[in-house]
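Below is my_file34.txt, holding compact mmCIF, C-alpha atoms.
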```
# COMPACT_ATOMS: atom_id res chain seq x y z
CA MET A 1 -1.91 -0.67 -43.76
CA MET A 2 0.95 -3.12 -43.69
CA VAL A 3 -0.12 -6.47 -42.25
CA VAL A 4 2.05 -7.44 -39.30
CA ALA A 5 2.54 -11.10 -38.52
CA LEU A 6 2.60 -11.57 -34.77
CA SER A 7 4.09 -14.44 -32.84
CA PRO A 8 1.80 -16.21 -30.34
CA GLN A 9 3.66 -14.46 -27.50
CA GLN A 10 3.20 -11.04 -29.10
CA GLU A 11 -0.51 -11.73 -29.40
CA VAL A 12 -0.61 -12.42 -25.66
CA GLU A 13 1.39 -9.26 -24.87
CA LEU A 14 -0.97 -7.10 -26.92
CA GLN A 15 -3.91 -8.68 -25.08
CA LEU A 16 -2.33 -7.49 -21.83
CA VAL A 17 -1.97 -3.95 -23.23
CA ALA A 18 -5.64 -3.95 -24.27
CA ALA A 19 -6.81 -5.23 -20.87
CA ASP A 20 -4.89 -2.51 -19.03
CA ALA A 21 -6.15 0.13 -21.47
CA ASN A 22 -9.74 -0.85 -20.67
CA ASP A 23 -9.06 -0.62 -16.93
CA LEU A 24 -7.38 2.79 -17.27
CA VAL A 25 -10.20 4.20 -19.42
CA ARG A 26 -12.74 2.98 -16.89
CA ALA A 27 -10.81 4.65 -14.06
CA HIS A 28 -10.69 7.91 -16.03
CA ARG A 29 -14.46 7.79 -16.53
CA ILE A 30 -15.00 7.22 -12.82
CA THR A 31 -12.80 10.15 -11.79
CA ALA A 32 -14.37 12.43 -14.42
CA ALA A 33 -17.84 11.79 -12.98
CA HIS A 34 -16.79 11.82 -9.32
CA PRO A 35 -17.26 14.93 -7.15
CA GLN A 36 -13.70 14.45 -5.86
CA GLY A 37 -12.32 13.51 -9.27
CA GLY A 38 -9.76 16.32 -9.24
CA ILE A 39 -8.25 14.80 -6.10
CA LEU A 40 -8.62 11.14 -7.09
CA VAL A 41 -6.57 11.77 -10.22
CA TYR A 42 -3.49 12.36 -8.02
CA ALA A 43 -3.42 8.62 -7.32
CA MET A 44 -3.59 7.89 -11.05
CA LEU A 45 -0.83 10.17 -12.34
CA PRO A 46 2.20 7.84 -12.01
CA LEU A 47 0.12 4.97 -13.40
CA MET A 48 -0.96 7.11 -16.37
CA GLY A 49 2.69 7.81 -17.16
CA PHE A 50 3.57 4.14 -16.75
CA PHE A 51 0.83 2.90 -19.07
CA ALA A 52 1.39 5.54 -21.75
CA GLU A 53 5.15 5.04 -21.97
CA GLU A 54 5.22 1.25 -21.72
CA SER A 55 2.29 0.59 -24.05
CA TYR A 56 3.64 3.02 -26.65
CA ARG A 57 7.11 1.49 -26.41
CA TYR A 58 5.65 -1.97 -26.92
CA LEU A 59 3.38 -0.91 -29.79
CA ARG A 60 6.34 0.67 -31.59
CA SER A 61 8.19 -2.63 -31.28
CA VAL A 62 5.53 -4.32 -33.43
CA ARG A 63 4.59 -1.27 -35.54
CA PRO A 64 7.78 0.82 -35.86
CA GLU A 65 6.30 2.90 -38.68
CA LEU A 66 3.65 4.44 -36.39
CA PRO A 67 3.69 8.28 -36.28
CA THR A 68 4.49 9.86 -32.93
CA PRO A 69 1.27 10.74 -31.03
CA PRO A 70 0.84 14.37 -29.83
CA LEU A 71 1.28 13.26 -26.20
CA PHE A 72 4.85 12.23 -26.92
CA CYS A 73 5.52 15.28 -29.09
CA GLU A 74 4.58 17.69 -26.30
CA PHE A 75 5.17 15.72 -23.12
CA ARG A 76 7.65 12.91 -23.84
CA ARG A 77 9.92 13.90 -20.96
CA ALA A 78 6.97 14.48 -18.64
CA VAL A 79 5.54 11.03 -19.38
CA THR A 80 8.90 9.45 -18.60
CA LYS A 81 9.24 11.36 -15.32
CA ALA A 82 5.66 10.61 -14.26
CA ARG A 83 6.32 6.91 -14.83
CA ALA A 84 9.65 7.18 -13.00
CA GLY A 85 7.77 8.45 -9.96
CA LEU A 86 6.68 4.87 -9.29
CA LYS A 87 10.35 3.88 -9.02
CA LEU A 88 11.27 6.52 -6.40
CA PHE A 89 14.95 5.96 -5.54
CA ASP A 90 15.39 3.56 -8.48
CA ASP A 91 14.79 6.32 -11.04
CA ASN A 92 18.04 6.23 -13.03
CA ASP A 93 17.85 10.01 -13.52
CA GLY A 94 19.52 10.86 -10.23
CA TYR A 95 18.39 7.92 -8.10
CA ALA A 96 17.86 8.89 -4.42
CA ASP A 97 19.69 12.21 -4.72
CA GLY A 98 17.51 13.15 -7.69
CA VAL A 99 14.28 12.54 -5.75
CA ILE A 100 15.58 14.41 -2.70
CA ASP A 101 16.65 17.40 -4.79
CA LEU A 102 13.38 17.51 -6.72
CA LEU A 103 11.22 17.47 -3.58
CA LYS A 104 13.43 20.10 -1.91
CA LEU A 105 13.05 22.30 -4.97
CA ALA A 106 9.27 21.69 -5.02
CA HIS A 107 9.11 22.89 -1.41
CA GLU A 108 11.15 26.02 -2.15
CA LYS A 109 9.08 26.90 -5.22
CA SER A 110 5.83 26.34 -3.32
CA VAL A 111 6.95 28.80 -0.65
CA GLU A 112 7.71 31.38 -3.35
CA TRP A 113 4.38 30.75 -5.05
CA PHE A 114 2.15 31.08 -2.01
CA CYS A 115 4.02 33.99 -0.47
CA GLU A 116 4.37 36.01 -3.69
CA PRO A 117 1.03 37.89 -3.28
CA HIS A 118 1.95 39.05 0.23
CA VAL A 119 3.55 42.48 -0.23
CA GLY A 120 3.48 45.45 2.12
CA PRO A 121 4.20 45.49 5.89
CA PHE A 122 1.02 43.71 7.04
CA ARG A 123 1.08 41.07 4.29
CA ARG A 124 4.76 40.38 4.95
CA PHE A 125 3.71 39.62 8.53
CA LEU A 126 1.11 37.14 7.20
CA ARG A 127 3.76 35.20 5.33
CA ARG A 128 4.76 33.39 8.51
CA TYR A 129 1.26 31.85 8.64
CA GLN A 130 0.93 31.18 4.90
CA PRO A 131 0.63 27.47 4.04
CA ASP A 132 2.74 26.10 1.20
CA LEU A 133 1.87 22.40 1.42
CA GLY A 134 -1.43 20.65 0.78
CA VAL A 135 -1.84 17.09 2.07
CA PHE A 136 -4.63 14.67 1.15
CA PHE A 137 -5.83 11.86 3.41
CA VAL A 138 -8.05 8.81 3.30
CA GLY A 139 -9.07 8.35 6.89
CA GLU A 140 -5.85 8.78 8.87
CA ASP A 141 -3.50 8.01 5.98
CA VAL A 142 -1.65 10.35 3.62
CA THR A 143 -2.39 9.62 -0.04
CA ALA A 144 -0.74 12.60 -1.75
CA THR A 145 0.94 15.96 -1.14
CA SER A 146 1.17 19.02 -3.34
CA HIS A 147 4.98 18.89 -3.24
CA ALA A 148 5.06 15.28 -4.48
CA SER A 149 2.41 16.06 -7.11
CA LEU A 150 4.89 18.12 -9.14
CA PRO A 151 7.03 15.11 -10.11
CA ALA A 152 3.81 13.11 -10.52
CA PHE A 153 2.71 15.69 -13.11
CA GLY A 154 5.98 15.01 -14.92
CA VAL A 155 7.66 18.31 -13.96
CA THR A 156 11.43 17.84 -14.20
CA ARG A 157 14.07 19.40 -11.99
CA ASP A 158 15.29 21.65 -14.81
CA GLU A 159 11.76 22.86 -15.53
CA LEU A 160 10.94 23.43 -11.88
CA ARG A 161 14.18 25.31 -11.30
CA ASP A 162 13.06 27.93 -13.83
CA PHE A 163 9.43 28.08 -12.69
CA THR A 164 8.07 31.43 -11.57
CA PRO A 165 4.92 31.94 -9.44
CA ALA A 166 3.11 32.69 -12.72
CA ASP A 167 4.21 29.34 -14.16
CA LEU A 168 2.84 27.58 -11.10
CA ASP A 169 -0.42 29.51 -11.48
CA ASN A 170 -0.67 28.00 -14.97
CA LEU A 171 0.12 24.47 -13.81
CA GLY A 172 -3.57 23.56 -13.86
CA ALA A 173 -3.76 24.31 -17.58
CA ARG A 174 -0.69 22.15 -18.18
CA VAL A 175 -2.20 19.24 -16.25
CA LYS A 176 -5.47 19.61 -18.15
CA ARG A 177 -3.62 19.52 -21.48
CA TYR A 178 -1.53 16.55 -20.36
CA SER A 179 -4.62 14.61 -19.25
CA TYR A 180 -6.40 15.42 -22.52
CA LEU A 181 -3.47 14.12 -24.56
CA VAL A 182 -3.29 10.93 -22.47
CA GLY A 183 -6.94 10.39 -23.42
CA ASP A 184 -6.15 11.20 -27.06
CA TYR A 185 -3.31 8.68 -26.99
CA THR A 186 -5.60 6.02 -25.54
CA THR A 187 -8.04 6.58 -28.43
CA THR A 188 -5.16 6.23 -30.91
CA LEU A 189 -4.00 3.09 -29.14
CA ALA A 190 -7.51 1.65 -29.31
CA SER A 191 -7.67 2.16 -33.07
CA GLN A 192 -4.29 0.44 -33.50
CA LEU A 193 -5.29 -2.50 -31.32
CA MET A 194 -8.43 -2.96 -33.45
CA ASN A 195 -6.08 -3.83 -36.33
CA PHE A 196 -5.01 -6.83 -34.26
CA GLY A 197 -8.58 -7.84 -33.40
CA LEU A 198 -8.47 -6.35 -29.89
CA THR A 199 -11.09 -4.01 -28.44
CA VAL A 200 -10.71 -1.06 -26.08
CA ASP A 201 -13.99 0.56 -25.04
CA THR A 202 -13.15 4.27 -24.99
CA SER A 203 -16.60 5.26 -23.70
CA PRO A 204 -17.58 2.63 -21.13
CA GLU A 205 -20.64 3.02 -18.99
CA VAL A 206 -19.62 3.12 -15.35
CA SER A 207 -21.85 2.81 -12.35
CA THR A 208 -21.39 4.78 -9.16
CA VAL A 209 -18.27 3.52 -7.40
CA ASP A 210 -17.91 3.61 -3.64
CA THR A 211 -14.62 5.45 -3.31
CA PRO A 212 -13.31 6.43 0.12
CA PRO A 213 -13.79 10.12 1.00
CA ILE A 214 -10.61 12.15 0.69
CA THR A 215 -9.93 15.04 3.05
CA HIS A 216 -7.45 17.87 2.76
CA ASN A 217 -5.30 19.84 5.22
CA ASP A 218 -2.94 22.76 4.57
CA PHE A 219 0.40 23.07 6.32
CA ILE A 220 3.48 25.23 6.48
CA GLY A 221 5.88 22.76 4.89
CA ALA A 222 8.81 23.30 7.26
CA LYS A 223 6.63 22.71 10.34
CA PHE A 224 4.99 19.68 8.74
CA TYR A 225 8.29 17.98 7.92
CA ASP A 226 9.72 18.77 11.38
CA LEU A 227 6.70 17.17 13.04
CA VAL A 228 6.92 14.08 10.82
CA ARG A 229 10.65 13.76 11.42
CA THR A 230 10.50 13.46 15.22
CA PRO A 231 8.99 9.94 15.51
CA LEU A 232 11.17 8.75 12.62
CA GLU A 233 14.46 9.66 14.31
CA PRO A 234 17.22 9.07 13.53
CA ILE A 235 16.60 10.37 10.01
CA ASP A 236 18.22 13.12 7.99
CA ALA A 237 15.85 16.05 7.44
CA SER A 238 16.25 15.78 3.66
CA LEU A 239 14.71 12.29 3.69
CA VAL A 240 11.39 13.20 5.31
CA ALA A 241 9.79 14.41 2.07
CA PRO A 242 10.71 11.20 0.16
CA VAL A 243 9.33 9.11 3.06
CA THR A 244 6.09 11.10 2.85
CA MET A 245 6.00 10.57 -0.92
CA ALA A 246 6.49 6.81 -0.46
CA ALA A 247 3.67 6.77 2.10
CA GLY A 248 1.40 8.47 -0.42
CA HIS A 249 2.18 5.84 -3.05
CA ILE A 250 1.53 3.01 -0.59
CA ASN A 251 -1.76 4.37 0.72
CA SER A 252 -3.02 5.25 -2.77
CA ALA A 253 -2.27 1.69 -3.89
CA ILE A 254 -4.45 0.16 -1.16
CA ARG A 255 -6.98 2.93 -0.37
CA VAL A 256 -7.79 4.49 -3.75
CA LEU A 257 -6.68 2.42 -6.76
CA PRO A 258 -8.72 -0.73 -5.93
CA ALA A 259 -11.94 1.32 -6.17
CA LEU A 260 -10.91 2.91 -9.47
CA LEU A 261 -9.41 -0.12 -11.21
CA GLY A 262 -11.25 -3.04 -9.63
CA LYS A 263 -9.78 -5.50 -7.16
CA HIS A 264 -8.99 -8.11 -9.82
CA SER A 265 -7.43 -5.71 -12.33
CA ASN A 266 -4.04 -6.66 -13.78
CA LEU A 267 -3.16 -2.96 -13.78
CA LEU A 268 -3.86 -2.82 -10.04
CA LEU A 269 -1.60 -5.82 -9.49
CA ARG A 270 1.16 -4.09 -11.48
CA ALA A 271 0.72 -0.88 -9.45
CA GLN A 272 0.74 -2.64 -6.10
CA LEU A 273 3.73 -4.84 -6.96
CA LEU A 274 5.78 -1.88 -8.20
CA THR A 275 4.77 0.14 -5.12
CA ALA A 276 5.70 -2.65 -2.70
CA TYR A 277 9.00 -3.17 -4.53
CA HIS A 278 10.13 0.44 -4.99
CA ALA A 279 8.42 2.34 -2.16
CA GLY A 280 9.31 -0.48 0.20
CA GLU A 281 12.96 -0.30 -0.85
CA ALA A 282 12.98 3.49 -0.40
CA LEU A 283 11.67 3.09 3.16
CA ARG A 284 14.24 0.41 3.94
CA GLN A 285 16.97 2.76 2.80
CA THR A 286 15.68 5.78 4.75
CA ILE A 287 14.01 4.42 7.91
CA PRO A 288 15.14 0.79 8.32
CA HIS A 289 14.70 1.05 12.08
CA VAL A 290 10.97 1.73 11.55
CA VAL A 291 10.05 -0.82 8.88
CA GLU A 292 12.45 -3.77 8.92
CA HIS A 293 10.89 -5.59 11.89
CA ALA A 294 7.38 -4.19 11.38
CA VAL A 295 7.12 -5.29 7.74
CA PRO A 296 8.27 -8.83 6.96
CA VAL A 297 8.33 -9.01 3.16
CA PRO A 298 7.75 -12.36 1.43
CA SER A 299 10.79 -13.26 -0.64
CA PHE A 300 8.79 -13.65 -3.85
CA LEU A 301 7.81 -9.94 -3.76
CA CYS A 302 11.51 -9.07 -4.05
CA LYS A 303 12.14 -11.07 -7.23
CA ARG A 304 13.48 -8.83 -9.97
CA PRO A 305 12.03 -10.92 -12.85
CA LEU A 306 8.55 -10.58 -11.29
CA ARG A 307 9.05 -6.84 -10.95
CA ASN A 308 10.19 -6.60 -14.58
CA VAL A 309 7.12 -8.41 -15.92
CA CYS A 310 4.91 -5.97 -14.00
CA ALA A 311 6.93 -2.97 -15.22
CA HIS A 312 6.90 -3.84 -18.96
CA TYR A 313 4.54 -5.40 -21.49
CA GLY A 314 7.19 -7.59 -23.08
CA LEU A 315 7.11 -10.94 -21.25
CA ARG A 316 10.53 -12.06 -22.53
CA GLY A 317 11.43 -15.59 -21.49
CA ALA A 318 8.45 -15.80 -19.12
CA GLY A 319 5.96 -15.60 -21.98
CA PRO A 320 5.79 -19.07 -23.60
CA PRO A 321 3.86 -20.79 -20.73
CA ALA A 322 1.18 -18.08 -20.98
CA VAL A 323 0.36 -18.76 -24.63
CA GLY A 324 -3.03 -20.43 -24.99
CA THR A 325 -4.09 -19.92 -21.35
CA THR A 326 -7.30 -18.19 -20.28
CA ASP A 327 -5.46 -15.78 -17.93
CA PRO A 328 -1.95 -15.26 -19.35
CA PHE A 329 -0.85 -12.53 -16.94
CA CYS A 330 -1.82 -14.61 -13.92
CA THR A 331 -0.01 -17.59 -15.44
CA VAL A 332 3.19 -15.57 -15.83
CA VAL A 333 3.20 -14.01 -12.37
CA GLN A 334 2.37 -17.36 -10.77
CA GLN A 335 5.31 -18.95 -12.57
CA LEU A 336 7.72 -16.20 -11.50
CA ALA A 337 6.44 -15.80 -7.93
CA GLY A 338 5.98 -19.50 -7.28
CA VAL A 339 2.59 -18.88 -5.65
CA SER A 340 -0.99 -18.59 -6.88
CA GLY A 341 -2.35 -15.30 -8.18
CA ALA A 342 -4.68 -15.05 -5.18
CA THR A 343 -1.79 -15.61 -2.77
CA LEU A 344 0.26 -12.96 -4.55
CA ARG A 345 -2.55 -10.38 -4.35
CA ASP A 346 -3.15 -11.15 -0.66
CA ALA A 347 0.57 -10.86 0.09
CA LEU A 348 0.74 -7.49 -1.66
CA SER A 349 -2.25 -6.13 0.26
CA GLU A 350 -0.89 -7.36 3.59
CA THR A 351 2.61 -6.01 2.95
CA LEU A 352 1.36 -2.60 1.87
CA GLU A 353 -0.98 -2.47 4.88
CA ARG A 354 1.95 -3.20 7.20
CA TYR A 355 3.99 -0.39 5.64
CA SER A 356 1.03 1.94 6.10
CA GLU A 357 0.63 0.95 9.75
CA ALA A 358 4.36 1.40 10.40
CA LEU A 359 4.21 4.97 9.05
CA ARG A 360 1.00 5.97 10.80
CA GLY A 361 2.81 6.97 13.99
CA ALA A 362 4.50 9.79 12.08
CA LEU A 363 2.02 10.55 9.31
CA SER A 364 -1.50 10.13 10.70
CA LYS A 365 -3.95 12.95 10.13
CA SER A 366 -4.78 13.27 13.83
CA LYS A 367 -1.12 13.46 14.83
CA LEU A 368 -0.43 16.14 12.23
CA ALA A 369 -3.49 18.22 13.18
CA THR A 370 -1.46 20.39 15.54
CA ALA A 371 0.65 21.64 12.62
CA ARG A 372 -2.22 22.76 10.37
CA ALA A 373 -1.74 26.24 8.94
CA ARG A 374 -3.94 28.95 10.42
CA LEU A 375 -4.61 30.43 6.99
CA GLY A 376 -5.17 27.03 5.38
CA ALA A 377 -8.22 25.19 4.14
CA ASN A 378 -8.86 22.08 6.22
CA SER A 379 -11.50 19.38 5.92
```
Representation of the structure as structure tokens:
Amino acid sequence: MMVVALSPQQEVELQLVAADANDLVRAHRITAAHPQGGILVYAMLPLMGFFAEESYRYLRSVRPELPTPPLFCEFRRAVTKARAGLKLFDDNDGYADGVIDLLKLAHEKSVEWFCEPHVGPFRRFLRRYQPDLGVFFVGEDVTATSHASLPAFGVTRDELRDFTPADLDNLGARVKRYSYLVGDYTTTLASQLMNFGLTVDTSPEVSTVDTPPITHNDFIGAKFYDLVRTPLEPIDASLVAPVTMAAGHINSAIRVLPALLGKHSNLLLRAQLLTAYHAGEALRQTIPHVVEHAVPVPSFLCKRPLRNVCAHYGLRGAGPPAVGTTDPFCTVVQQLAGVSGATLRDALSETLERYSEALRGALSKSKLATARARLGANS
């Protein structure tokens, strides 16, 4: 193997990759052993795409001769789109219109999928009661929807446009393959990091983690979105699904990810900062009358350089002060934010909680109970 001479800053950046890899592997182990692991993974999907793409991009910058891992041979576009889900309206593949179109298409395809088995006079009658939207909650708060899960799985608009009900039936196999290859990539990454003297434990022992119980309700999508829209007026109907998606990101970041990643995880800080930055901006574009006065955002959470350090492993000009410190990531974010790491984490939690509270009037489980589908599964 060719010996690569790293600069002190590159050594720090690779340490950050290794630390996040350990946190992500631990979270995977927790979900794999958890009775609700299949639901918990919804909260992890955008973060999985983020870590895979950004860590691979950084590793290639120091080891350009590396062969392409199978994950990026089979799912390169899907990884990119899953990561882009964190950016919501800032995804440069369509921006707001792209997200709106994708969620509209996901709704249409879900209706086709769930209604496809209903043939014959009586079954055609049942179609009007057939749910096409699954929604997951922690307590009163939405954490994910089946419509928003399609972009989280990395399904692109072009792919979804051509999907048939049979393709959607096979989506589980695709997700299983995708998750397997993410794990395979992490193992490959661990072996590469060992060459730089860094360790990733790919089989950590994890104790039982107290994760919040997640419940599930089924809805007819059109009725669900109409009910959500009313307390958000004035709002265009096409924007209700993106608002719901943003709410899922926000509630996952404060209700689910802390239990999976650990409250002091750098990867959690990255996820919460990117969520506050991008989901918050999406809400300010769509329902400013709901969130602007209810959610005062500290100015340091809006700093683009801080966002960029959380979104990439290259520290750029912010890196030199971190060299030689015991907690380089905290050093960098403190320098860019102008506040302590503890203050930054507290501000993120408080801001995300305020967004969640502002949305609860439209998206609480109890409020939405009246719209549950009669033929649905509800817990």
Val200 in chain A environment, 7 Å, only C-alpha atoms, sequence neighbours closer than 4 positions dropped, as a compact mmCIF listing (two decimals) with C-alpha atoms, keeping the file's coordinate frame:
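out-v1.txt written:
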```txt
# COMPACT_ATOMS: atom_id res chain seq x y z
CA ALA A 18 -5.64 -3.95 -24.27
CA ALA A 21 -6.15 0.13 -21.47
CA ASN A 22 -9.74 -0.85 -20.67
CA ALA A 190 -7.51 1.65 -29.31
```
If you take all atoms listed in the file and a cut-off of 8 Å, which residues of range 58-155 of chain A touch range 354-370 of chain A, and what are their nearest atom pairs and distances in Å to one decimal, in chain and number order, as CSV?
```
residue,atom,partner,partner_atom,distance
A:Phe137,CA,A:Lys365,CA,7.1
A:Gly139,CA,A:Lys365,CA,7.6
A:Glu140,CA,A:Lys365,CA,4.8
A:Asp141,CA,A:Ser364,CA,5.5
A:Val142,CA,A:Leu363,CA,6.8
```
**OP:** Would you kindly return, as JSON, numbers by chain, each protein, DNA or RNA residue with an atom no farther than 10 Å from any atom of range 203-213 of chain A, considering only C-alpha atoms and excluding same-chain residues fewer than 3 positions away?
**Re:** {"A": [22, 25, 26, 27, 29, 30, 31, 33, 34, 36, 40, 137, 138, 139, 187, 200, 255, 256, 257, 258, 259, 260, 262]}
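Separating CA of Glu54 in chain A from CA of Leu150 in chain A is a distance of 21.0 Å.
Reported to one decimal place, the separation of CA of Ile39 in chain A from CA of Val243 in chain A is 20.6 Å.
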